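The next block is start-v5.txt, given as compact mmCIF, C-alpha atoms.
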```
# COMPACT_ATOMS: atom_id res chain seq x y z
CA MET A 25 81.45 76.38 90.57
CA THR A 26 84.82 75.13 89.39
CA SER A 27 88.17 75.43 91.09
CA LEU A 28 88.79 78.40 88.79
CA ALA A 29 85.87 80.36 90.26
CA PRO A 30 86.68 84.09 90.30
CA HIS A 31 87.53 86.03 93.45
CA PRO A 32 89.10 83.14 95.42
CA ALA A 33 90.28 85.39 98.24
CA GLY A 34 86.88 87.09 98.53
CA ARG A 35 85.16 83.70 98.60
CA ALA A 36 87.51 82.46 101.32
CA ALA A 37 86.94 85.61 103.39
CA LEU A 38 83.15 85.37 103.04
CA VAL A 39 83.16 81.71 104.09
CA ALA A 40 85.40 82.50 107.07
CA THR A 41 82.90 85.16 108.17
CA ALA A 42 79.97 82.77 107.75
CA ARG A 43 81.68 80.22 109.94
CA ARG A 44 82.52 82.79 112.58
CA LEU A 45 78.85 83.80 112.69
CA ALA A 46 77.92 80.16 113.30
CA ALA A 47 80.68 79.63 115.87
CA ARG A 48 79.49 82.66 117.84
CA SER A 49 75.86 81.44 117.77
CA LEU A 50 74.70 84.47 115.84
CA VAL A 51 72.92 82.13 113.40
CA HIS A 52 71.28 78.77 113.91
CA GLY A 53 70.33 75.92 111.63
CA ARG A 54 70.12 77.17 108.06
CA THR A 55 69.32 80.78 108.91
CA GLY A 56 71.29 83.91 108.09
CA ASN A 57 73.20 85.01 105.02
CA VAL A 58 76.34 86.93 104.12
CA SER A 59 77.30 88.86 100.99
CA LEU A 60 80.36 90.60 99.60
CA ARG A 61 80.55 93.09 96.74
CA THR A 62 83.61 92.44 94.56
CA ASP A 63 85.73 94.87 92.59
CA ASP A 64 83.84 94.08 89.38
CA GLY A 65 80.51 95.13 90.95
CA ARG A 66 79.13 91.62 91.32
CA ILE A 67 77.98 90.24 94.66
CA LEU A 68 79.01 86.94 96.22
CA ILE A 69 76.31 85.61 98.56
CA THR A 70 75.63 82.44 100.51
CA PRO A 71 73.19 80.14 98.69
CA THR A 72 69.64 79.34 99.67
CA GLY A 73 69.31 76.88 102.53
CA ALA A 74 72.98 77.12 103.41
CA ASP A 75 74.37 76.06 106.77
CA LEU A 76 76.81 78.88 107.49
CA ALA A 77 78.90 76.52 109.61
CA THR A 78 79.76 74.31 106.63
CA VAL A 79 79.25 76.32 103.42
CA GLY A 80 82.28 76.20 101.11
CA PRO A 81 83.89 78.78 98.80
CA HIS A 82 82.69 77.08 95.61
CA GLU A 83 79.12 76.85 96.86
CA LEU A 84 78.58 80.60 96.83
CA SER A 85 76.10 82.26 94.51
CA VAL A 86 76.82 85.27 92.32
CA ILE A 87 74.24 88.01 91.76
CA ASP A 88 74.33 91.42 90.11
CA ALA A 89 73.58 94.81 91.66
CA ASP A 90 69.85 94.28 91.07
CA GLY A 91 69.85 90.87 92.73
CA ALA A 92 69.63 88.84 89.51
CA HIS A 93 71.25 85.39 89.68
CA LEU A 94 74.42 85.21 87.57
CA GLY A 95 76.12 81.99 88.62
CA GLY A 96 76.55 79.26 91.18
CA PRO A 97 73.68 77.62 93.05
CA PRO A 98 70.43 79.52 93.70
CA PRO A 99 71.15 82.43 96.05
CA SER A 100 69.53 83.09 99.40
CA LYS A 101 65.90 84.07 98.99
CA GLU A 102 66.91 87.35 100.62
CA ALA A 103 69.50 88.15 97.95
CA PHE A 104 67.33 91.07 96.83
CA LEU A 105 67.70 92.54 100.34
CA HIS A 106 71.50 92.42 100.20
CA ALA A 107 71.50 93.97 96.73
CA ALA A 108 69.18 96.76 97.87
CA VAL A 109 71.32 97.63 100.88
CA LEU A 110 74.53 97.63 98.82
CA ARG A 111 72.93 99.88 96.20
CA ALA A 112 72.02 102.33 98.94
CA ARG A 113 75.49 102.27 100.50
CA PRO A 114 78.18 102.59 97.81
CA GLY A 115 80.90 102.69 100.47
CA ALA A 116 79.92 99.26 101.80
CA ARG A 117 81.26 95.96 100.54
CA ALA A 118 79.73 93.52 103.01
CA VAL A 119 76.26 92.76 104.37
CA VAL A 120 75.45 90.33 107.18
CA HIS A 121 71.90 89.25 108.02
CA THR A 122 71.16 87.06 111.04
CA HIS A 123 68.21 85.85 113.10
CA SER A 124 70.19 86.26 116.33
CA THR A 125 68.07 85.61 119.41
CA HIS A 126 68.17 88.87 121.33
CA ALA A 127 68.00 91.16 118.30
CA ALA A 128 65.05 89.16 116.98
CA ALA A 129 63.40 89.48 120.39
CA VAL A 130 63.82 93.26 120.34
CA SER A 131 62.26 93.34 116.88
CA CYS A 132 59.03 92.03 118.46
CA LEU A 133 58.78 94.76 121.14
CA ASN A 134 56.23 97.54 120.93
CA GLY A 135 57.12 101.20 121.30
CA LEU A 136 60.41 101.13 119.35
CA ASP A 137 61.71 104.28 117.68
CA ALA A 138 61.75 103.56 113.93
CA ASP A 139 64.86 105.74 113.51
CA ASP A 140 66.67 104.53 116.62
CA ALA A 141 65.33 101.14 117.69
CA LEU A 142 68.04 100.42 120.27
CA PRO A 143 69.26 103.11 122.68
CA PRO A 144 73.04 103.72 122.78
CA LEU A 145 73.69 101.77 125.96
CA THR A 146 77.42 101.30 125.35
CA ALA A 147 80.20 103.20 123.63
CA TYR A 148 80.93 100.25 121.34
CA PHE A 149 77.36 100.12 120.08
CA ALA A 150 77.63 103.83 119.21
CA MET A 151 80.95 103.27 117.41
CA ARG A 152 80.23 100.00 115.58
CA VAL A 153 76.49 100.19 114.91
CA GLY A 154 75.36 103.80 115.20
CA ARG A 155 71.60 104.22 114.84
CA LEU A 156 69.50 101.12 114.26
CA ALA A 157 66.51 101.66 111.97
CA LEU A 158 63.35 99.57 112.39
CA LEU A 159 61.65 98.32 109.23
CA PRO A 160 58.02 97.15 109.11
CA TYR A 161 57.19 93.46 108.87
CA PHE A 162 57.50 91.67 105.54
CA ALA A 163 57.14 87.92 105.09
CA PRO A 164 60.45 86.13 104.43
CA GLY A 165 61.30 86.42 100.74
CA ASP A 166 58.82 89.26 100.12
CA VAL A 167 60.57 91.45 97.56
CA GLY A 168 58.50 94.39 98.78
CA LEU A 169 61.10 94.69 101.53
CA ALA A 170 63.69 95.85 98.98
CA ASP A 171 62.32 99.37 98.49
CA SER A 172 61.90 99.95 102.22
CA ALA A 173 65.38 98.61 103.00
CA GLU A 174 67.06 100.59 100.23
CA GLU A 175 65.47 103.85 101.35
CA MET A 176 66.36 103.39 105.03
CA ALA A 177 69.86 102.07 104.30
CA ARG A 178 70.80 105.40 102.72
CA THR A 179 70.93 106.89 106.22
CA HIS A 180 71.46 103.79 108.41
CA ALA A 181 74.14 101.11 108.14
CA ALA A 182 72.15 98.83 110.46
CA LEU A 183 68.52 97.79 110.02
CA LEU A 184 66.22 95.70 112.21
CA LEU A 185 63.50 93.79 110.39
CA ARG A 186 60.26 93.47 112.38
CA HIS A 187 59.74 89.90 113.70
CA HIS A 188 62.83 88.81 111.84
CA GLY A 189 66.35 90.04 112.67
CA PRO A 190 69.17 92.50 111.94
CA VAL A 191 70.87 93.47 108.69
CA VAL A 192 74.23 95.25 108.87
CA ALA A 193 76.28 96.80 106.05
CA ALA A 194 79.95 97.73 106.47
CA PRO A 195 83.03 98.56 104.40
CA GLY A 196 84.37 95.04 104.96
CA LEU A 197 83.45 91.65 106.35
CA ASP A 198 85.31 92.13 109.63
CA ALA A 199 83.46 95.36 110.43
CA ALA A 200 80.11 93.80 109.47
CA LEU A 201 80.75 90.87 111.80
CA GLU A 202 81.82 93.17 114.63
CA ALA A 203 78.73 95.33 114.15
CA VAL A 204 76.20 92.49 114.11
CA GLU A 205 77.84 90.94 117.17
CA GLU A 206 77.79 94.28 119.02
CA LEU A 207 74.15 94.74 118.01
CA GLU A 208 73.25 91.34 119.44
CA GLN A 209 75.03 92.05 122.73
CA THR A 210 73.37 95.45 123.05
CA ALA A 211 69.98 93.86 122.35
CA ARG A 212 70.67 91.41 125.17
CA ILE A 213 71.59 94.24 127.56
CA HIS A 214 68.49 96.14 126.48
CA LEU A 215 66.25 93.17 127.30
CA LEU A 216 67.96 92.72 130.68
CA LEU A 217 67.35 96.39 131.49
CA HIS A 218 63.86 96.55 129.98
CA GLY A 219 61.42 98.01 132.50
CA THR A 220 64.16 99.22 134.86
CA ASP A 221 65.44 102.70 135.60
CA HIS A 222 68.65 102.95 133.60
CA ALA A 223 70.77 105.46 131.68
CA HIS A 224 72.24 105.50 128.21
CA LEU A 225 74.74 107.70 126.39
CA THR A 226 73.77 111.30 125.85
CA GLU A 227 73.51 112.60 122.29
CA GLU A 228 76.73 114.55 122.79
CA GLN A 229 78.55 111.45 124.01
CA ARG A 230 77.22 109.47 121.07
CA MET A 231 78.32 112.09 118.55
CA GLU A 232 81.84 112.15 120.01
CA LEU A 233 82.09 108.43 119.21
CA SER A 234 81.12 108.92 115.58
CA PRO A 235 83.96 108.16 113.14
CA ARG A 236 83.48 111.66 111.73
CA SER A 237 84.21 113.28 115.08
CA PRO A 238 87.80 114.49 115.63
CA ARG A 239 87.45 113.19 119.19
CA SER A 240 86.49 109.70 118.11
CA PRO A 241 88.76 106.86 119.28
CA ARG A 242 88.84 105.76 115.65
CA SER A 243 90.38 109.01 114.38
CA PRO A 244 92.47 109.93 112.48
CA ARG A 245 91.35 108.05 109.37
CA LEU A 246 92.17 108.32 105.71
CA ALA A 247 89.52 109.88 103.49
CA ARG A 248 91.13 108.20 100.46
CA PRO A 249 92.52 104.79 99.50
CA VAL A 250 95.83 103.70 101.00
CA ALA A 251 98.63 104.57 98.57
CA LEU A 252 100.74 101.46 97.98
CA PHE A 253 103.95 101.68 95.96
CA SER A 254 105.27 98.21 95.15
CA ALA A 255 108.02 96.64 93.13
CA LEU A 256 106.74 94.40 90.33
CA ALA A 257 108.14 91.28 91.99
CA ILE A 258 105.12 90.76 94.27
CA LYS A 259 102.42 92.02 91.89
CA LYS A 260 101.22 88.54 90.96
CA ALA A 261 100.70 87.56 94.59
CA LEU A 262 98.99 90.86 95.33
CA ASP A 263 96.69 90.54 92.32
CA ASP A 264 95.88 86.86 92.79
CA THR A 265 94.85 86.85 96.44
CA VAL A 266 96.60 89.18 98.86
CA LEU A 267 94.89 92.51 98.20
CA GLU A 268 91.45 91.02 97.58
CA ALA A 269 91.65 89.28 100.96
CA PHE A 270 92.61 92.58 102.59
CA THR A 271 89.90 94.74 101.04
CA SER A 272 87.22 92.07 101.55
CA THR A 273 87.83 91.80 105.27
CA SER A 274 88.95 95.33 106.14
CA GLY A 275 86.95 97.36 103.62
CA ILE A 276 90.02 99.52 103.08
CA GLU A 277 90.63 100.47 99.45
CA ILE A 278 94.09 100.36 97.89
CA ASP A 279 95.52 102.68 95.24
CA GLY A 280 98.43 100.63 93.94
CA VAL A 281 101.39 101.73 91.84
CA TYR A 282 103.53 98.84 90.53
CA GLU A 283 106.87 99.67 88.95
CA PRO A 284 110.52 98.67 89.22
CA THR A 285 112.03 100.07 92.39
CA ASN A 286 114.15 102.58 90.42
CA VAL A 287 110.99 103.98 88.81
CA LEU A 288 109.29 104.20 92.21
CA LEU A 289 112.31 106.11 93.50
CA ASP A 290 111.93 108.58 90.62
CA ARG A 291 108.30 109.15 91.62
CA ILE A 292 109.33 109.74 95.21
CA GLU A 293 112.10 112.11 94.11
CA ALA A 294 109.42 114.04 92.20
CA GLY A 295 107.37 114.43 95.39
CA ALA A 296 105.12 111.36 95.58
CA ARG A 297 104.63 109.98 99.09
CA PRO A 298 103.34 106.42 99.45
CA ASP A 299 101.63 105.25 102.62
CA VAL A 300 103.20 101.80 102.25
CA LEU A 301 106.27 101.05 100.15
CA VAL A 302 107.62 97.68 98.96
CA GLY A 303 110.95 97.71 97.17
CA VAL A 304 114.56 96.65 97.03
CA THR A 305 115.95 96.59 100.56
CA GLY A 306 118.97 98.80 99.91
CA ALA A 307 116.84 101.53 98.37
CA LEU A 308 114.41 101.48 101.29
CA GLU A 309 117.25 101.68 103.78
CA LYS A 310 118.40 104.90 102.08
CA LEU A 311 114.86 106.31 102.15
CA ALA A 312 114.63 105.49 105.85
CA ALA A 313 117.90 107.28 106.52
CA SER A 314 116.58 110.36 104.70
CA GLY A 315 113.28 110.32 106.59
CA VAL A 316 111.02 109.58 103.62
CA ILE A 317 109.87 106.30 105.17
CA ASP A 318 109.52 105.33 108.81
CA ALA A 319 112.70 103.52 109.82
CA SER A 320 111.05 101.76 112.77
CA SER A 321 108.54 100.07 110.46
CA LEU A 322 111.14 98.82 107.95
CA ARG A 323 111.26 95.02 107.80
CA PRO A 324 112.34 92.30 105.35
CA LEU A 325 109.55 90.89 103.19
CA ALA A 326 110.90 88.36 100.67
CA ARG A 327 113.69 87.62 98.25
CA VAL A 328 113.52 86.49 94.66
CA GLY A 329 115.97 85.09 92.13
CA ILE A 330 116.24 85.53 88.37
CA GLY A 331 114.85 82.98 85.95
CA VAL A 332 114.34 82.27 82.26
CA ALA A 333 111.07 81.84 80.36
CA VAL A 334 110.30 80.68 76.84
CA PRO A 335 107.21 80.84 74.61
CA PRO A 336 104.45 78.25 75.09
CA GLY A 337 105.26 75.06 73.24
CA ALA A 338 108.92 75.99 72.76
CA PRO A 339 111.51 73.21 73.16
CA ASP A 340 113.41 72.95 76.43
CA VAL A 341 116.55 75.03 76.82
CA ASP A 342 119.47 74.09 79.01
CA ILE A 343 120.34 76.50 81.82
CA ALA A 344 121.42 73.89 84.36
CA SER A 345 125.03 75.12 84.51
CA THR A 346 126.88 78.34 83.80
CA ASP A 347 128.38 76.91 80.59
CA ALA A 348 124.94 75.72 79.46
CA LEU A 349 123.46 79.13 80.22
CA VAL A 350 126.16 80.85 78.15
CA ARG A 351 125.48 78.56 75.19
CA THR A 352 121.71 79.14 75.47
CA LEU A 353 122.02 82.92 75.69
CA THR A 354 124.49 83.30 72.85
CA SER A 355 122.56 81.01 70.51
CA ALA A 356 119.18 82.68 71.13
CA ARG A 357 117.66 84.79 68.37
CA SER A 358 116.90 87.48 70.99
CA VAL A 359 116.90 87.67 74.77
CA ALA A 360 114.47 90.04 76.48
CA TYR A 361 115.39 91.75 79.74
CA SER A 362 114.50 94.95 81.58
CA ARG A 363 116.53 98.13 81.49
CA THR A 364 115.31 99.60 84.83
CA GLY A 365 114.28 96.60 86.92
CA ALA A 366 116.57 95.09 89.55
CA SER A 367 116.79 91.85 87.57
CA GLY A 368 117.70 93.68 84.36
CA VAL A 369 120.46 95.65 86.02
CA ALA A 370 121.86 92.47 87.58
CA PHE A 371 121.57 90.54 84.30
CA ALA A 372 123.42 93.25 82.35
CA ARG A 373 126.26 93.00 84.85
CA LEU A 374 126.24 89.20 84.55
CA LEU A 375 126.59 89.42 80.76
CA GLU A 376 129.67 91.62 81.24
CA ARG A 377 131.11 89.22 83.81
CA LEU A 378 130.57 86.23 81.52
CA GLY A 379 132.14 88.09 78.60
CA ILE A 380 129.08 87.74 76.36
CA ALA A 381 127.57 91.25 76.63
CA ASP A 382 128.28 92.21 73.02
CA ALA A 383 127.05 88.90 71.62
CA VAL A 384 123.75 89.02 73.53
CA ASN A 385 123.07 92.76 73.42
CA SER A 386 123.59 93.00 69.68
CA ARG A 387 120.24 91.32 69.22
CA ALA A 388 118.64 91.70 72.66
CA THR A 389 115.13 93.01 73.26
CA VAL A 390 115.64 95.49 76.08
CA VAL A 391 112.37 96.78 77.56
CA GLU A 392 112.29 100.00 79.54
CA LYS A 393 110.10 98.48 82.27
CA GLY A 394 107.37 95.93 82.69
CA PHE A 395 107.17 92.19 82.17
CA THR A 396 109.80 90.81 79.82
CA ALA A 397 107.90 87.54 79.23
CA LEU A 398 105.46 89.49 77.09
CA ALA A 399 108.23 89.65 74.50
CA VAL A 400 108.30 85.85 74.11
CA LEU A 401 104.54 85.80 73.60
CA ASP A 402 104.49 88.41 70.84
CA GLY A 403 107.55 87.02 69.07
CA ARG A 404 110.08 89.75 69.79
CA ALA A 405 112.32 87.32 71.70
CA ASP A 406 112.66 83.60 72.30
CA LEU A 407 114.08 83.94 75.82
CA ALA A 408 112.93 86.24 78.64
CA VAL A 409 115.05 86.93 81.71
CA GLN A 410 113.54 88.48 84.83
CA GLN A 411 112.74 87.77 88.44
CA LEU A 412 110.90 84.47 88.72
CA SER A 413 107.79 86.03 90.25
CA GLU A 414 107.55 88.51 87.37
CA LEU A 415 107.93 85.79 84.74
CA ARG A 416 105.08 83.89 86.37
CA PHE A 417 102.87 86.95 86.13
CA VAL A 418 102.53 86.48 82.35
CA PRO A 419 100.03 83.73 81.48
CA GLY A 420 101.25 81.51 78.67
CA ALA A 421 104.96 82.05 79.13
CA ARG A 422 106.69 78.89 80.31
CA VAL A 423 109.20 79.35 83.09
CA VAL A 424 112.20 77.09 82.48
CA GLY A 425 113.70 77.66 85.90
CA PRO A 426 116.14 79.81 87.86
CA LEU A 427 119.65 80.76 86.79
CA PRO A 428 122.36 78.40 88.01
CA GLU A 429 123.27 79.05 91.61
CA GLY A 430 126.80 80.10 90.71
CA VAL A 431 125.53 83.09 88.72
CA GLN A 432 122.20 83.61 90.46
CA HIS A 433 121.36 87.06 91.80
CA TYR A 434 118.82 87.42 94.58
CA THR A 435 116.93 90.65 95.15
CA ASP A 436 115.95 91.29 98.75
CA LEU A 437 112.66 93.14 99.20
CA SER A 438 111.53 95.06 102.24
CA ILE A 439 108.44 96.96 103.30
CA ALA A 440 107.84 100.09 105.36
CA LEU A 441 105.35 102.81 106.16
CA GLY A 442 105.77 106.21 104.60
CA ALA A 443 106.83 108.79 107.17
CA ASP A 444 103.57 110.69 106.67
CA ALA A 445 101.51 107.51 107.19
CA VAL A 446 102.69 106.83 110.73
CA GLY A 447 99.63 106.82 112.98
CA LEU A 448 97.18 106.07 110.18
CA PRO A 449 95.39 102.81 111.09
CA GLU A 450 94.58 101.88 107.49
CA ALA A 451 98.24 102.03 106.44
CA ALA A 452 99.32 100.08 109.51
CA ALA A 453 96.65 97.47 108.77
CA LEU A 454 97.93 97.03 105.22
CA LEU A 455 101.52 96.64 106.41
CA ARG A 456 100.42 93.96 108.91
CA HIS A 457 98.50 92.14 106.18
CA LEU A 458 101.37 92.22 103.68
CA THR A 459 103.73 90.74 106.29
CA GLY A 460 101.28 88.15 107.64
CA ASP A 461 101.46 84.38 107.19
CA ALA A 462 98.76 84.23 104.47
CA ALA A 463 100.54 86.87 102.39
CA ARG A 464 103.87 85.09 102.77
CA ASP A 465 102.25 81.86 101.55
CA ALA A 466 101.06 83.76 98.47
CA TYR A 467 104.56 85.16 97.85
CA ARG A 468 106.03 81.65 97.94
CA ALA A 469 103.34 80.41 95.53
CA ALA A 470 104.31 83.25 93.16
CA GLY A 471 107.99 82.25 93.12
CA LEU A 472 109.45 84.33 95.96
CA GLU A 473 111.37 83.00 98.92
CA ASP A 474 111.24 83.92 102.57
CA PRO A 475 113.71 86.68 103.47
CA ARG A 476 117.06 85.75 104.92
CA ARG A 477 117.10 86.16 108.68
```

Show how you would write the structure in this file as structure tokens.
Amino acid sequence: MTSLAPHPAGRAALVATARRLAARSLVHGRTGNVSLRTDDGRILITPTGADLATVGPHELSVIDADGAHLGGPPPSKEAFLHAAVLRARPGARAVVHTHSTHAAAVSCLNGLDADDALPPLTAYFAMRVGRLALLPYFAPGDVGLADSAEEMARTHAALLLRHHGPVVAAPGLDAALEAVEELEQTARIHLLLHGTDHAHLTEEQRMELSPRSPRSPRSPRLARPVALFSALAIKKALDDTVLEAFTSTSGIEIDGVYEPTNVLLDRIEAGARPDVLVGVTGALEKLAASGVIDASSLRPLARVGIGVAVPPGAPDVDIASTDALVRTLTSARSVAYSRTGASGVAFARLLERLGIADAVNSRATVVEKGFTALAVLDGRADLAVQQLSELRFVPGARVVGPLPEGVQHYTDLSIALGADAVGLPEAAALLRHLTGDAARDAYRAAGLEDPRR
């Protein structure tokens, strides 16, 4: 695999999970495997013979939904098992398979219930694992296991392979890791209690812990993707790594709407209600005052300045000073900028302040919304002006640099929960992720700066 291997955030998340499995002694030697279904339907999986403690992102294999090898090194010989489980569970993204000691020991016991191999000894087993199905013995690598696993996985997220070990499917890698760890601990408790007089949860108690129960500690939950409304300024960072990292680990799906803040405000005025909103700080402060978003969750996210881009291969242009910028803008065949975006509004005001509005606008390419750098690629303009992070979103356009500091305009961005999303764990999780250190690193890489404190 090259450094340009697809799904970098998913690869990083899968490798992090593999290493956590090794660090927690849930795998040993070169046993165990982990997989992740990506947005394009392909499956990333650890390669055959991998040491989960040291496997790297570019060492992962890629298979299709039927388990066929598509790229990278040869996949785990149990790739067919992962593919079968993911086919059976369309809501799952991640599968973890281990040979963990206590679960493997339970798989060797006689008298197990094939539909419920481990009794619900703890509340956390009932919440994170549910019912553990027991599958008959198949030799390692025997593809005959696929049919049996696929059939049982339709009704069970966790399987126990006879004389082998557990297989757990979950919406994301974090939940899969939690489930396989809880399964191992419950197997250990079961072996400690084996042959003794002990109790376990009643069926009623178990059902109350189901995520579908209104009395579950994990309720309420969204039955749909989290609705994210975001200004275009952070779209590149979100698309490149941030959202893939979130969905891979959490399993929470995102329904994203990316528009200039003014367009997002029009949607909200028409009745739309995002769960999480990213936009220009002043606009969000007004929404908080009106109760549309939760004021207590409002926090600064980033700031971004305006820059200039030119077509690929175009000669350098001088924007190092205000006078140089004026000469460059007034001599350009056409300058592209946005009518509705924050950068376009600020740039229009700058043209008036510099006294060159008529000269530039008489041949400007003014786009209603979207990425202005597209206009230098298709020939409509030879200069594009927009926020630096938005210019960088367009492959091929060459970013010359930011406007001179004396005429620079910074847009401050903030983030908040929608008022109706308060108390929803998925929305809160997304907000935490978008304000975390890894996300902020991605914003900086995309041309944004840290917010002013």

>> What's the separation between CA of Ala463 (chain A) and CA of Arg323 (chain A), in Å to one decimal place?
In response: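 Between CA of Ala463 (chain A) and CA of Arg323 (chain A) the gap works out to 14.5 Å.
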
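Between His222 (chain A) and the candidates A:Leu145, A:Leu110, A:Val153, A:Ala103, the tightest atom-to-atom separation, counting all atoms listed in the file, involves A:Leu145.
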
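Of the listed residues (A:Val86, A:Leu407, A:Ala251, A:Ala469), A:Leu407 comes nearest to Val332 (chain A); the distances count only C-alpha atoms.
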
Non-local contacts of Thr122 (chain A) (7 Å; only C-alpha atoms; under 3 positions in same chain excluded) as a PDB file with C-alpha atoms, in the coordinates of the input:
```pdb
ATOM      1  CA  LEU A  50      74.700  84.470 115.840  1.00  0.00           C
ATOM      2  CA  VAL A  51      72.920  82.130 113.400  1.00  0.00           C
ATOM      3  CA  THR A  55      69.320  80.780 108.910  1.00  0.00           C
ATOM      4  CA  GLY A  56      71.290  83.910 108.090  1.00  0.00           C
ATOM      5  CA  ASN A  57      73.200  85.010 105.020  1.00  0.00           C
ATOM      6  CA  GLY A 189      66.350  90.040 112.670  1.00  0.00           C
ATOM      7  CA  PRO A 190      69.170  92.500 111.940  1.00  0.00           C
ATOM      8  CA  VAL A 191      70.870  93.470 108.690  1.00  0.00           C
TER       9      VAL A 191
END
```

If we count only C-alpha atoms, what is near Ala381 (chain A) at a cut-off of 12 Å, once residues fewer than 5 positions away on the same chain are taken out, given as a compact mmCIF listing (two decimals) with C-alpha atoms, in the frame of the given file?
```
# COMPACT_ATOMS: atom_id res chain seq x y z
CA VAL A 350 126.16 80.85 78.15
CA LEU A 353 122.02 82.92 75.69
CA THR A 354 124.49 83.30 72.85
CA VAL A 359 116.90 87.67 74.77
CA PHE A 371 121.57 90.54 84.30
CA ALA A 372 123.42 93.25 82.35
CA ARG A 373 126.26 93.00 84.85
CA LEU A 374 126.24 89.20 84.55
CA LEU A 375 126.59 89.42 80.76
CA GLU A 376 129.67 91.62 81.24
CA SER A 386 123.59 93.00 69.68
CA ARG A 387 120.24 91.32 69.22
CA ALA A 388 118.64 91.70 72.66
```

>> What's around Pro419 (chain A) at 10 Å? Count only C-alpha atoms, leave out sequence neighbours fewer than 2 positions away in its own chain, and write the answer as a list in words.
In response: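 The residues that qualify are Pro336, Ala397, Leu398, Leu401, Leu415, Arg416, Phe417, Ala421 and Arg422 of chain A.
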
>> Using all atoms listed in the file, list the residues that have an atom at most 12 Å from (114.1, 88.8, 101.9), coordinates as in the file, as a VMD selection string.
In response: chain A and resid 257 to 258 302 to 306 323 to 329 434 to 439 459 464 467 to 468 472 to 477

> So how many Å separate CA of Thr389 (chain A) and CA of Leu262 (chain A), to one decimal?
Replying inline: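 Rounded to one decimal, the two atoms are 27.4 Å apart.
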
> To one decimal place, how far is CA of Thr396 (chain A) from CA of Ala294 (chain A) in Å?
Replying inline: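 Rounded to one decimal, the two atoms are 26.3 Å apart.
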
Considering all atoms listed in the file, return as a PDB file with C-alpha atoms, keeping the file's coordinate frame whatever protein or nucleic-acid residues lie within 8 Å of region 310-317 of chain A, sequence-local ones (same chain, fewer than 2 positions apart) excluded.
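around11.pdb, freshly written:
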```
ATOM      1  CA  ARG A 297     104.630 109.980  99.090  1.00  0.00           C
ATOM      2  CA  GLY A 306     118.970  98.800  99.910  1.00  0.00           C
ATOM      3  CA  ALA A 307     116.840 101.530  98.370  1.00  0.00           C
ATOM      4  CA  LEU A 308     114.410 101.480 101.290  1.00  0.00           C
ATOM      5  CA  ALA A 319     112.700 103.520 109.820  1.00  0.00           C
ATOM      6  CA  LEU A 322     111.140  98.820 107.950  1.00  0.00           C
ATOM      7  CA  ALA A 440     107.840 100.090 105.360  1.00  0.00           C
ATOM      8  CA  LEU A 441     105.350 102.810 106.160  1.00  0.00           C
ATOM      9  CA  GLY A 442     105.770 106.210 104.600  1.00  0.00           C
ATOM     10  CA  ALA A 443     106.830 108.790 107.170  1.00  0.00           C
ATOM     11  CA  ASP A 444     103.570 110.690 106.670  1.00  0.00           C
TER      12      ASP A 444
END
```

>> So that I can check the surroundings of Ala157 (chain A), please list as a PyMOL selection string every protein, DNA and RNA residue that reaches within 6 Å of it, counting all atoms listed in the file and ignoring chain neighbours fewer than 5 positions away.
In response: chain A and resi 138-141+183-184

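Residue nearest Gly53 (chain A) within the list A:Val424, A:Ala177, A:Ala112, A:Leu76: A:Leu76 [criterion: smallest interatomic distance, only C-alpha atoms].
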
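When all atoms listed in the file are used to measure the gap to Val369 (chain A), the shortest distance among A:Pro284, A:Gly196, A:Pro114, A:Pro160 belongs to A:Pro284.
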
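Of the listed residues A:Asp342, A:Glu392, A:Glu414, A:Asp264, the one whose atoms come nearest to Asp465 (chain A) is A:Asp264, with distances taken using only C-alpha atoms.
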
> Looking at only C-alpha atoms, which of A:Ala269, A:Val423, A:Ala296, A:Val431 is the one that sits closest to Ala348 (chain A)?
Replying inline: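 Of A:Ala269, A:Val423, A:Ala296, A:Val431, the one nearest Ala348 (chain A) is A:Val431, counting only C-alpha atoms.
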
Could you work out an axis-aligned box for region 454-471 of chain A, taking every atom the file lists and adding 5 Å on each side, and report centre and edge lengths in Å to one decimal, as AutoDock Vina command-line options?
```
--center_x 103.0 --center_y 88.7 --center_z 101.0 --size_x 20.1 --size_y 26.6 --size_z 25.8
```
